[in-house]
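J.: The following file, upload16.cif, comprises mmCIF, C-alpha atoms:
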```cif
data_my_file
#
loop_
_atom_site.label_atom_id
_atom_site.label_comp_id
_atom_site.auth_asym_id
_atom_site.auth_seq_id
_atom_site.Cartn_x
_atom_site.Cartn_y
_atom_site.Cartn_z
CA SER N 1 38.16 4.85 22.25
CA SER N 2 38.23 2.99 18.97
CA THR N 3 34.77 4.23 18.03
CA LYS N 4 35.90 7.83 18.06
CA GLN N 5 35.27 9.55 14.75
CA THR N 6 38.26 10.04 12.51
CA PRO N 7 39.05 13.72 12.12
CA ILE N 8 37.97 14.99 8.74
CA SER N 9 41.54 16.00 7.94
CA ALA N 10 42.81 12.41 8.11
CA PRO N 11 44.39 11.23 4.86
CA LEU N 12 41.82 9.58 2.63
CA PRO N 13 42.56 6.47 0.59
CA SER N 14 42.38 8.55 -2.56
CA ALA N 15 40.05 11.38 -3.44
CA LEU N 16 39.28 9.63 -6.70
CA ALA N 17 38.10 6.50 -4.91
CA THR N 18 35.75 8.37 -2.59
CA ALA N 19 34.55 11.21 -4.82
CA ARG N 20 30.92 11.04 -5.83
CA ILE N 21 29.63 11.25 -9.37
CA ILE N 22 28.35 14.68 -10.40
CA GLU N 23 24.63 14.36 -11.02
CA ASP N 24 23.85 17.91 -12.05
CA LEU N 25 26.52 19.88 -13.88
CA GLY N 26 24.57 23.06 -13.12
CA ARG N 27 25.40 22.72 -9.43
CA VAL N 28 29.13 22.71 -10.02
CA SER N 29 31.01 25.96 -9.95
CA TYR N 30 34.49 26.07 -11.41
CA PRO N 31 37.28 28.35 -10.22
CA GLU N 32 37.96 31.45 -12.26
CA GLY N 33 39.84 30.62 -15.43
CA ILE N 34 38.36 27.12 -15.75
CA MET N 35 35.82 26.66 -18.54
CA SER N 36 32.61 24.73 -17.90
CA PRO N 37 31.60 21.99 -20.35
CA LYS N 38 29.81 23.47 -23.36
CA PRO N 39 26.18 23.68 -22.19
CA GLU N 40 24.77 22.81 -25.64
CA LEU N 41 26.27 19.33 -25.31
CA ASN N 42 24.21 18.64 -22.21
CA VAL N 43 20.78 20.05 -22.85
CA ASN N 44 18.41 17.84 -20.86
CA ALA N 45 21.24 15.51 -19.90
CA LYS N 46 20.27 13.19 -17.08
CA ASN N 47 21.54 10.30 -14.98
CA GLY N 48 25.08 11.57 -15.22
CA LYS N 49 25.06 11.03 -18.99
CA PHE N 50 27.21 14.01 -19.90
CA ARG N 51 29.12 14.93 -23.05
CA TYR N 52 32.28 16.97 -22.82
CA ASP N 53 34.07 19.09 -25.39
CA ARG N 54 37.81 18.73 -25.88
CA GLU N 55 38.69 22.16 -24.47
CA PHE N 56 36.95 21.29 -21.23
CA LEU N 57 38.60 17.87 -21.00
CA LEU N 58 42.10 19.16 -21.71
CA GLN N 59 41.98 21.29 -18.57
CA PHE N 60 42.37 18.14 -16.44
CA MET N 61 45.59 17.00 -18.12
CA SER N 62 48.02 18.82 -15.85
CA ILE N 63 46.02 18.15 -12.67
CA CYS N 64 44.98 14.48 -12.71
CA LYS N 65 48.37 12.78 -12.63
CA GLU N 66 47.76 10.15 -10.02
CA LYS N 67 48.19 6.59 -11.25
CA PRO N 68 44.88 4.71 -11.02
CA ASP N 69 44.86 2.15 -8.17
CA HIS N 70 43.77 -0.66 -10.43
CA LEU N 71 46.27 -0.05 -13.23
CA PRO N 72 48.29 -3.28 -13.55
CA PRO N 73 52.09 -3.04 -13.69
CA LEU N 74 52.67 -2.17 -17.34
CA ASP N 75 55.66 -4.45 -17.79
CA ALA N 76 53.48 -7.38 -16.68
CA ILE N 77 51.29 -6.93 -19.75
CA GLY N 78 54.19 -6.28 -22.11
CA LEU N 79 53.42 -2.58 -22.27
CA GLU N 80 56.77 -0.87 -22.02
CA PRO N 81 58.06 2.23 -23.77
CA VAL N 82 60.55 1.69 -26.54
CA ASP N 83 63.39 4.09 -27.06
CA GLN N 84 62.44 5.59 -30.42
CA SER N 85 65.96 6.76 -31.18
CA GLN N 86 66.87 3.22 -32.14
CA PHE N 87 64.41 3.36 -35.03
CA THR N 88 65.87 6.60 -36.28
CA MET N 89 69.38 5.22 -36.10
CA SER N 90 68.46 1.94 -37.72
CA ARG N 91 67.44 3.85 -40.80
CA GLY N 92 71.03 4.82 -41.42
CA GLY N 93 72.08 8.10 -42.96
CA SER N 94 71.83 10.87 -40.41
CA GLY N 95 72.24 10.35 -36.69
CA ARG N 96 74.96 8.79 -34.64
CA ARG N 97 76.02 5.25 -35.34
CA GLN N 98 74.98 2.83 -32.61
CA ALA N 99 78.10 1.38 -31.04
CA SER N 100 76.85 -2.04 -30.02
CA GLY N 101 75.05 -2.95 -33.22
CA ALA N 102 72.27 -4.35 -31.06
CA MET N 103 69.70 -3.74 -33.77
CA GLN Q 1 30.90 22.35 14.60
CA GLU Q 2 28.56 19.69 13.34
CA VAL Q 3 26.89 22.24 11.12
CA ASP Q 4 30.27 23.20 9.68
CA MET Q 5 30.97 19.61 8.83
CA LEU Q 6 27.61 19.21 7.15
CA GLN Q 7 28.15 22.31 5.10
CA GLN Q 8 31.57 21.13 4.11
CA ALA Q 9 30.17 17.77 3.07
CA GLU Q 10 27.63 19.44 0.84
CA THR Q 11 30.06 21.69 -0.99
CA LEU Q 12 30.88 20.20 -4.35
CA LYS Q 13 34.63 20.35 -4.72
CA THR Q 14 36.03 19.41 -8.11
CA VAL Q 15 39.62 18.54 -8.78
CA PHE Q 16 40.07 22.13 -9.99
CA SER Q 17 39.22 23.66 -6.63
CA ASP Q 18 40.95 20.99 -4.53
CA PRO Q 19 43.27 18.55 -6.36
CA GLN Q 20 43.90 16.53 -3.16
CA ASN Q 21 40.52 16.46 -1.48
CA PHE Q 22 37.96 16.87 -4.24
CA ASN Q 23 34.67 15.16 -3.47
CA VAL Q 24 32.98 14.98 -6.85
CA LYS Q 25 34.16 13.64 -10.19
CA HIS Q 26 32.91 14.00 -13.76
CA PRO Q 27 31.16 10.85 -14.96
CA LEU Q 28 31.61 9.76 -18.57
CA TYR Q 29 28.60 9.07 -20.75
CA SER Q 30 29.71 5.44 -20.87
CA PRO Q 31 32.41 3.48 -19.06
CA TRP Q 32 35.35 2.55 -21.29
CA THR Q 33 37.94 -0.24 -21.35
CA LEU Q 34 41.48 0.09 -22.70
CA TRP Q 35 43.03 -3.01 -24.30
CA PHE Q 36 46.55 -3.51 -25.58
CA ASP Q 37 48.47 -6.00 -27.64
CA SER Q 38 51.93 -6.26 -29.14
CA PRO Q 39 54.28 -9.11 -30.04
CA ALA Q 40 55.42 -8.97 -26.38
CA THR Q 41 51.94 -9.73 -25.02
CA LYS Q 42 51.57 -12.93 -27.01
CA GLY Q 43 51.68 -16.09 -25.01
CA ARG Q 44 51.96 -14.20 -21.73
CA ASN Q 45 49.91 -15.90 -19.11
CA LEU Q 46 49.77 -13.95 -15.94
CA PRO Q 47 47.40 -15.43 -13.40
CA GLN Q 48 47.11 -12.38 -11.14
CA THR Q 49 46.29 -9.67 -13.64
CA PRO Q 50 42.73 -8.44 -14.15
CA ILE Q 51 42.87 -9.90 -17.65
CA SER Q 52 42.71 -13.49 -16.54
CA SER Q 53 39.54 -12.83 -14.59
CA PHE Q 54 37.88 -11.39 -17.66
CA PRO Q 55 35.52 -13.84 -19.33
CA GLN Q 56 36.69 -15.22 -22.64
CA THR Q 57 35.15 -13.80 -25.77
CA PRO Q 58 31.68 -15.32 -25.99
CA VAL Q 59 31.85 -16.28 -29.64
CA PRO Q 60 29.79 -18.88 -31.47
CA GLN Q 61 31.77 -21.78 -32.88
CA THR Q 62 32.30 -20.85 -36.49
CA PRO Q 63 35.78 -21.08 -38.02
CA GLY Q 64 36.22 -17.30 -38.21
CA ASN Q 65 35.19 -16.83 -34.62
CA VAL Q 66 37.41 -19.57 -33.31
CA ALA Q 67 40.26 -17.67 -34.91
CA ALA Q 68 39.10 -14.47 -33.24
CA GLY Q 69 38.86 -16.26 -29.89
CA GLY Q 70 42.48 -17.27 -30.21
CA TRP Q 71 43.41 -13.72 -31.05
CA MET Q 72 41.55 -12.44 -28.00
CA ASP Q 73 43.83 -14.55 -25.82
CA ASP Q 74 46.74 -12.34 -26.82
CA ILE Q 75 45.04 -9.04 -26.24
CA LYS Q 76 45.34 -7.66 -22.74
CA ARG Q 77 42.73 -5.68 -20.88
CA VAL Q 78 44.58 -2.77 -19.30
CA ILE Q 79 41.90 -0.95 -17.32
CA SER Q 80 38.30 0.23 -17.24
CA PHE Q 81 37.29 3.72 -16.17
CA ASP Q 82 34.15 5.82 -15.98
CA SER Q 83 35.21 9.35 -15.07
CA VAL Q 84 37.17 12.16 -16.68
CA GLU Q 85 39.54 12.24 -13.71
CA GLU Q 86 40.35 8.52 -14.02
CA PHE Q 87 40.94 8.86 -17.74
CA TRP Q 88 43.64 11.46 -17.16
CA GLY Q 89 45.23 9.46 -14.35
CA LEU Q 90 45.55 6.64 -16.86
CA TYR Q 91 46.71 8.90 -19.68
CA ASN Q 92 49.44 10.41 -17.53
CA ASN Q 93 50.77 6.99 -16.51
CA ILE Q 94 50.77 5.04 -19.74
CA VAL Q 95 52.93 4.81 -22.84
CA PRO Q 96 51.98 7.15 -25.73
CA PRO Q 97 51.69 5.65 -29.25
CA SER Q 98 54.99 7.24 -30.37
CA GLN Q 99 56.81 5.12 -27.78
CA LEU Q 100 55.05 1.83 -28.40
CA PRO Q 101 56.94 -1.03 -29.97
CA GLN Q 102 56.23 -1.87 -33.60
CA LYS Q 103 53.08 -3.89 -34.32
CA ALA Q 104 51.33 -2.74 -31.17
CA ASN Q 105 47.71 -1.65 -30.78
CA TYR Q 106 45.65 0.25 -28.22
CA TYR Q 107 41.93 -0.46 -28.34
CA LEU Q 108 39.66 1.88 -26.38
CA PHE Q 109 36.14 0.44 -26.44
CA LYS Q 110 32.95 0.95 -24.52
CA GLU Q 111 32.84 -1.40 -21.58
CA GLY Q 112 31.29 -4.71 -22.52
CA ILE Q 113 32.22 -4.46 -26.21
CA ILE Q 114 35.08 -6.70 -27.29
CA PRO Q 115 37.37 -5.01 -29.81
CA ALA Q 116 36.62 -7.60 -32.48
CA TRP Q 117 34.30 -7.77 -35.48
CA GLU Q 118 32.55 -10.69 -33.86
CA ASP Q 119 31.08 -8.65 -31.04
CA GLU Q 120 27.33 -8.04 -31.42
CA ALA Q 121 27.93 -4.28 -31.27
CA ASN Q 122 30.50 -4.38 -34.08
CA LYS Q 123 29.42 -7.11 -36.44
CA ASN Q 124 27.11 -4.92 -38.54
CA GLY Q 125 29.42 -1.94 -38.36
CA GLY Q 126 32.54 -0.60 -39.96
CA LYS Q 127 35.39 1.77 -39.38
CA TRP Q 128 36.76 5.14 -40.35
CA SER Q 129 40.50 4.98 -40.56
CA ILE Q 130 43.55 6.92 -41.61
CA GLN Q 131 47.04 5.61 -42.22
CA LEU Q 132 49.92 7.99 -41.55
CA PRO Q 133 53.55 7.50 -42.61
CA LYS Q 134 55.64 7.06 -39.49
CA ASP Q 135 58.58 9.38 -40.10
CA LYS Q 136 56.38 12.38 -40.91
CA ASN Q 137 53.96 11.81 -38.03
CA ARG Q 138 56.09 10.68 -35.11
CA ASN Q 139 55.50 14.08 -33.52
CA ASN Q 140 51.78 14.28 -34.36
CA VAL Q 141 50.51 10.83 -33.53
CA ASP Q 142 50.29 11.27 -29.76
CA LYS Q 143 48.15 14.37 -30.06
CA MET Q 144 46.00 12.78 -32.78
CA TRP Q 145 45.39 9.74 -30.58
CA LEU Q 146 44.67 11.90 -27.54
CA TYR Q 147 42.13 13.99 -29.47
CA THR Q 148 40.61 10.77 -30.84
CA MET Q 149 40.18 9.38 -27.32
CA LEU Q 150 38.76 12.68 -26.04
CA ALA Q 151 36.14 12.78 -28.81
CA ALA Q 152 35.25 9.18 -27.96
CA ILE Q 153 34.92 9.51 -24.17
CA GLY Q 154 33.37 13.00 -24.45
CA GLU Q 155 30.85 11.56 -26.95
CA THR Q 156 31.35 14.31 -29.50
CA PHE Q 157 32.26 12.05 -32.44
CA ASP Q 158 28.80 11.44 -33.76
CA PRO Q 159 27.35 14.86 -34.63
CA ALA Q 160 23.87 13.42 -35.13
CA PHE Q 161 24.06 12.06 -31.61
CA ALA Q 162 25.82 15.00 -29.97
CA ASN Q 163 23.24 17.44 -31.34
CA ALA Q 164 20.25 15.14 -30.96
CA GLU Q 165 16.91 16.37 -29.68
CA PRO Q 166 16.21 15.36 -26.08
CA THR Q 167 13.46 13.02 -27.29
CA ASP Q 168 15.88 11.25 -29.59
CA THR Q 169 16.79 7.95 -27.97
CA ARG Q 170 19.32 6.77 -30.54
CA GLU Q 171 22.62 5.71 -29.12
CA SER Q 172 25.99 6.89 -30.35
CA LEU Q 173 27.27 4.99 -33.36
CA VAL Q 174 30.82 4.82 -32.01
CA THR Q 175 31.83 1.60 -30.25
CA GLY Q 176 35.56 2.17 -29.95
CA VAL Q 177 38.77 3.68 -31.28
CA ILE Q 178 42.09 2.04 -32.14
CA VAL Q 179 45.65 3.20 -32.71
CA SER Q 180 48.08 0.81 -34.39
CA THR Q 181 51.84 1.09 -34.80
CA ARG Q 182 53.54 -0.67 -37.68
CA PRO Q 183 57.14 -0.51 -38.91
CA GLN Q 184 56.33 2.15 -41.54
CA PHE Q 185 53.10 3.78 -40.44
CA TYR Q 186 50.49 4.53 -37.79
CA ARG Q 187 46.80 3.89 -38.21
CA ILE Q 188 43.95 5.41 -36.22
CA SER Q 189 40.45 3.95 -36.55
CA ILE Q 190 36.97 4.78 -35.30
CA TRP Q 191 34.63 1.78 -35.13
CA THR Q 192 30.92 2.23 -35.66
CA ARG Q 193 27.92 0.14 -34.66
CA GLN Q 194 26.36 0.27 -38.11
CA ALA Q 195 27.46 0.69 -41.71
CA PRO Q 196 25.37 1.63 -44.74
CA GLN Q 197 24.57 -1.59 -46.57
CA SER Q 198 23.58 0.04 -49.84
CA ASP Q 199 23.56 3.43 -51.53
CA GLU Q 200 19.88 3.74 -50.68
CA ASP Q 201 20.73 3.92 -47.02
CA VAL Q 202 21.11 7.70 -47.30
CA LYS Q 203 20.30 8.66 -43.72
CA LEU Q 204 22.81 6.31 -42.19
CA ARG Q 205 25.39 7.20 -44.80
CA ASP Q 206 25.03 10.89 -43.94
CA ARG Q 207 25.41 10.15 -40.27
CA ILE Q 208 28.49 7.99 -40.89
CA GLU Q 209 29.94 10.74 -43.07
CA GLY Q 210 29.36 13.22 -40.27
CA ILE Q 211 31.60 11.14 -38.03
CA GLY Q 212 34.28 10.96 -40.73
CA LYS Q 213 34.24 14.71 -41.31
CA HIS Q 214 34.45 15.42 -37.60
CA PHE Q 215 37.36 12.99 -37.37
CA LYS Q 216 39.23 14.62 -40.26
CA THR Q 217 38.70 18.27 -39.39
CA SER Q 218 38.13 18.63 -35.65
CA VAL Q 219 40.07 15.65 -34.32
CA LEU Q 220 42.95 15.29 -36.80
CA GLN Q 221 42.80 19.00 -37.63
CA TYR Q 222 43.10 18.75 -41.40
CA SER Q 223 41.10 21.06 -43.61
CA GLU Q 224 37.99 19.56 -45.15
CA SER Q 225 39.33 19.57 -48.70
CA GLN Q 226 42.90 18.48 -47.84
CA LYS Q 227 44.19 15.48 -49.83
CA LEU Q 228 46.02 13.09 -47.55
CA GLY Q 229 46.75 10.03 -49.68
CA GLY Q 230 50.31 9.25 -50.76
CA PRO Q 231 53.07 6.74 -50.17
CA LEU Q 232 52.12 4.84 -46.99
CA ALA Q 233 49.32 7.36 -46.40
CA THR Q 234 45.58 7.08 -46.96
CA GLU Q 235 42.68 9.47 -47.00
CA VAL Q 236 40.18 9.30 -44.14
CA GLU Q 237 38.22 6.27 -45.38
CA PHE Q 238 35.26 4.26 -44.23
CA LEU Q 239 34.83 0.57 -44.87
CA SER Q 240 32.23 -1.79 -43.42
CA HIS Q 241 33.68 -4.82 -41.66
CA LYS Q 242 31.84 -7.05 -44.13
CA ASP Q 243 33.52 -5.27 -47.05
CA SER Q 244 36.89 -5.43 -45.30
CA GLU Q 245 36.65 -9.21 -45.45
CA LYS Q 246 36.13 -9.10 -49.20
CA LYS Q 247 39.21 -6.94 -49.77
CA GLY Q 248 39.91 -5.36 -53.14
CA LYS Q 249 37.27 -4.86 -55.77
CA ALA Q 250 33.97 -5.54 -54.05
CA ALA Q 251 34.72 -3.13 -51.21
CA ARG Q 252 32.82 0.16 -51.25
CA LYS Q 253 34.76 2.89 -49.52
CA ILE Q 254 33.48 6.24 -48.34
CA VAL Q 255 36.12 8.95 -48.40
CA VAL Q 256 35.91 12.39 -46.78
#
```
Can the structure in the file be given as structure tokens, please?
T.:
Amino acid sequence: SSTKQTPISAPLPSALATARIIEDLGRVSYPEGIMSPKPELNVNAKNGKFRYDREFLLQFMSICKEKPDHLPPLDAIGLEPVDQSQFTMSRGGSGRRQASGAM
Amino acid sequence: QEVDMLQQAETLKTVFSDPQNFNVKHPLYSPWTLWFDSPATKGRNLPQTPISSFPQTPVPQTPGNVAAGGWMDDIKRVISFDSVEEFWGLYNNIVPPSQLPQKANYYLFKEGIIPAWEDEANKNGGKWSIQLPKDKNRNNVDKMWLYTMLAAIGETFDPAFANAEPTDTRESLVTGVIVSTRPQFYRISIWTRQAPQSDEDVKLRDRIEGIGKHFKTSVLQYSESQKLGGPLATEVEFLSHKDSEKKGKAARKIVV
């Protein structure tokens, strides 16, 4: 029937959207090789008000790659990467000459 | 089987133990909002972006603020986030400073604070900033900006705050950070809630200096005594917003 519970293995909208906020960092155990946040930054921290050192934060860089759901299309806000080689070439001197002269 | 499911539900799984099905995330001390502007954002009016639903800058009607209100029309709110995991999702899907067009700015501010002097949280404050010549720093600026953002969202910028006693209820002095690209240089700034108004304000001055030193040594990774000024380059300097308006002679800079 339609009221049957969804199996727990069903694909979730996004783990990020459904994950809960950590309330007590002391209850979290990290896999071997992953550093915990420096404890001295969170002495008596409460209400999820945590501070994190850079080394801890950098560990997420290669894991959290998913584009946030609510990120607007970047071109719609004029936020597009510029090919930096054109700056280098526009300076003259070294580097290949740009054929089109578009600069 | 029900017991199994309950147990599973109670196990805290971070993104490190299960990148697909983690069930807890790391909250930030404060939620943050990223803003962006460049010549390309000016005059863009896009009804269906989150920006248009954002209330206009609530500024009183003085000439300076009217000007700021107009400027706020051209600055685009990119996204707000409140967890470490969301920050990295954003970071990995957005343009780094080295690939921004000229005359562009990212503003990362605490949610609810407009990246303008006129905001209540900024109007009595100032900024630490450094200007870096573009050709020598094209390869450094992305890392410098990343480390600046991490110190901001991790709340480690303000040593007096980061090492505060539990009974200390002061809030962090940092309201936001900015990276700017210009034809010849980059600039990175840290905005503070307060600024010393006179030389007698020793306590606040020390605290502000603590932020500047942390910025120079830990974030930008220069040595404490390193001289950075030169053509197109500045030292790590602090200026109150009020003194910035005066320009030139009346301005009292702090340099670390």
J.: Please identify all polymer residues lying at most 6 Å from the point (23.5, 17.5, -12.7) (file coordinates), using all atoms listed in the file, and present the result as a PDB file with C-alpha atoms, keeping the file's coordinate frame.
T.:
```
ATOM      1  CA  GLU N  23      24.630  14.360 -11.020  1.00  0.00           C
ATOM      2  CA  ASP N  24      23.850  17.910 -12.050  1.00  0.00           C
ATOM      3  CA  LEU N  25      26.520  19.880 -13.880  1.00  0.00           C
ATOM      4  CA  GLY N  26      24.570  23.060 -13.120  1.00  0.00           C
TER       5      GLY N  26
END
```
J.: So how far away is CA of Ile211 (chain Q) from CA of Asp158 (chain Q), in Å?
T.: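 One can read the CA of Asp158 (chain Q) to CA of Ile211 (chain Q) distance as 5.1 Å.
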J.: Check the smallest atom-to-atom distance from each of N:Pro73, N:Gly33, N:Gln59, N:Gly78 to chain Q using all atoms listed in the file, then report the winner.
T.: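 Nearest candidate to chain Q out of N:Pro73, N:Gly33, N:Gln59, N:Gly78: N:Gly78.
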J.: Distance CA of Thr14 (chain Q)-CA of Gly176 (chain Q), one decimal place?
T.: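 For CA of Thr14 (chain Q) relative to CA of Gly176 (chain Q), the distance reads 27.8 Å.
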J.: Chain N near chain Q within 7 Å: what's each residue's closest atom pair and its distance in Å to one decimal, counting all atoms listed in the file, ordered by chain then ascending residue number, as a tab-separated table?
T.:
```
residue	atom	partner	partner_atom	distance
N:Ala15	CA	Q:Asn21	CA	5.5
N:Thr18	CA	Q:Asn23	CA	6.9
N:Ala19	CA	Q:Asn23	CA	4.2
N:Arg20	CA	Q:Val24	CA	4.6
N:Ile21	CA	Q:Lys25	CA	5.2
N:Ile22	CA	Q:His26	CA	5.7
N:Val28	CA	Q:Leu12	CA	6.4
N:Tyr30	CA	Q:Phe16	CA	7.0
N:Pro31	CA	Q:Ser17	CA	6.2
N:Leu41	CA	Q:Ala162	CA	6.4
N:Asn44	CA	Q:Pro166	CA	6.2
N:Gly48	CA	Q:Pro27	CA	6.1
N:Lys49	CA	Q:Tyr29	CA	4.4
N:Phe50	CA	Q:Tyr29	CA	5.2
N:Arg51	CA	Q:Gly154	CA	4.9
N:Tyr52	CA	Q:Gly154	CA	4.4
N:Asp53	CA	Q:Gly154	CA	6.2
N:Arg54	CA	Q:Leu150	CA	6.1
N:Phe60	CA	Q:Trp88	CA	6.8
N:Met61	CA	Q:Trp88	CA	6.0
N:Ile63	CA	Q:Pro19	CA	6.9
N:Cys64	CA	Q:Gly89	CA	5.3
N:Lys65	CA	Q:Gly89	CA	4.9
N:Glu66	CA	Q:Gly89	CA	5.1
N:Lys67	CA	Q:Gly89	CA	5.2
N:Pro68	CA	Q:Gly89	CA	5.8
N:Leu71	CA	Q:Ile79	CA	6.1
N:Pro72	CA	Q:Thr49	CA	6.7
N:Ile77	CA	Q:Thr41	CA	6.0
N:Gly78	CA	Q:Thr41	CA	5.0
N:Glu80	CA	Q:Val95	CA	6.9
N:Pro81	CA	Q:Gln99	CA	5.1
N:Val82	CA	Q:Gln99	CA	5.2
N:Asp83	CA	Q:Gln99	CA	6.7
N:Gln84	CA	Q:Gln99	CA	6.2
```
J.: Using CA of Ile190 (chain Q) and CA of Met35 (chain N) as the two end points, give the distance in Å to one decimal.
T.: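 Straight-line distance from CA of Ile190 (chain Q) to CA of Met35 (chain N) works out to 27.6 Å.
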J.: Please enumerate the residues selected by the PyMOL selection byres ((chain Q and resi 236) around 9) when evaluated against the supplied file, formatted as a list in words.
T.: Trp128, Ser129, Ile130, Gln131, Gly212, Lys213, Phe215, Lys216, Leu228, Gly229, Thr234, Glu235, Glu237, Phe238, Ile254, Val255 and Val256 of chain Q
J.: Near His241 (chain Q), within 9 Å and counting all atoms listed in the file, which residues show up once chain neighbours fewer than 6 positions away are dropped, as a PyMOL selection string?
T.: chain Q and resi 117+122-127+195
J.: Write out the residues from the selection above, keeping C-alpha atoms, as a compact mmCIF listing (two decimals), keeping the file's coordinate frame.
T.:
```txt
# COMPACT_ATOMS: atom_id res chain seq x y z
CA TRP Q 117 34.30 -7.77 -35.48
CA ASN Q 122 30.50 -4.38 -34.08
CA LYS Q 123 29.42 -7.11 -36.44
CA ASN Q 124 27.11 -4.92 -38.54
CA GLY Q 125 29.42 -1.94 -38.36
CA GLY Q 126 32.54 -0.60 -39.96
CA LYS Q 127 35.39 1.77 -39.38
CA ALA Q 195 27.46 0.69 -41.71
```
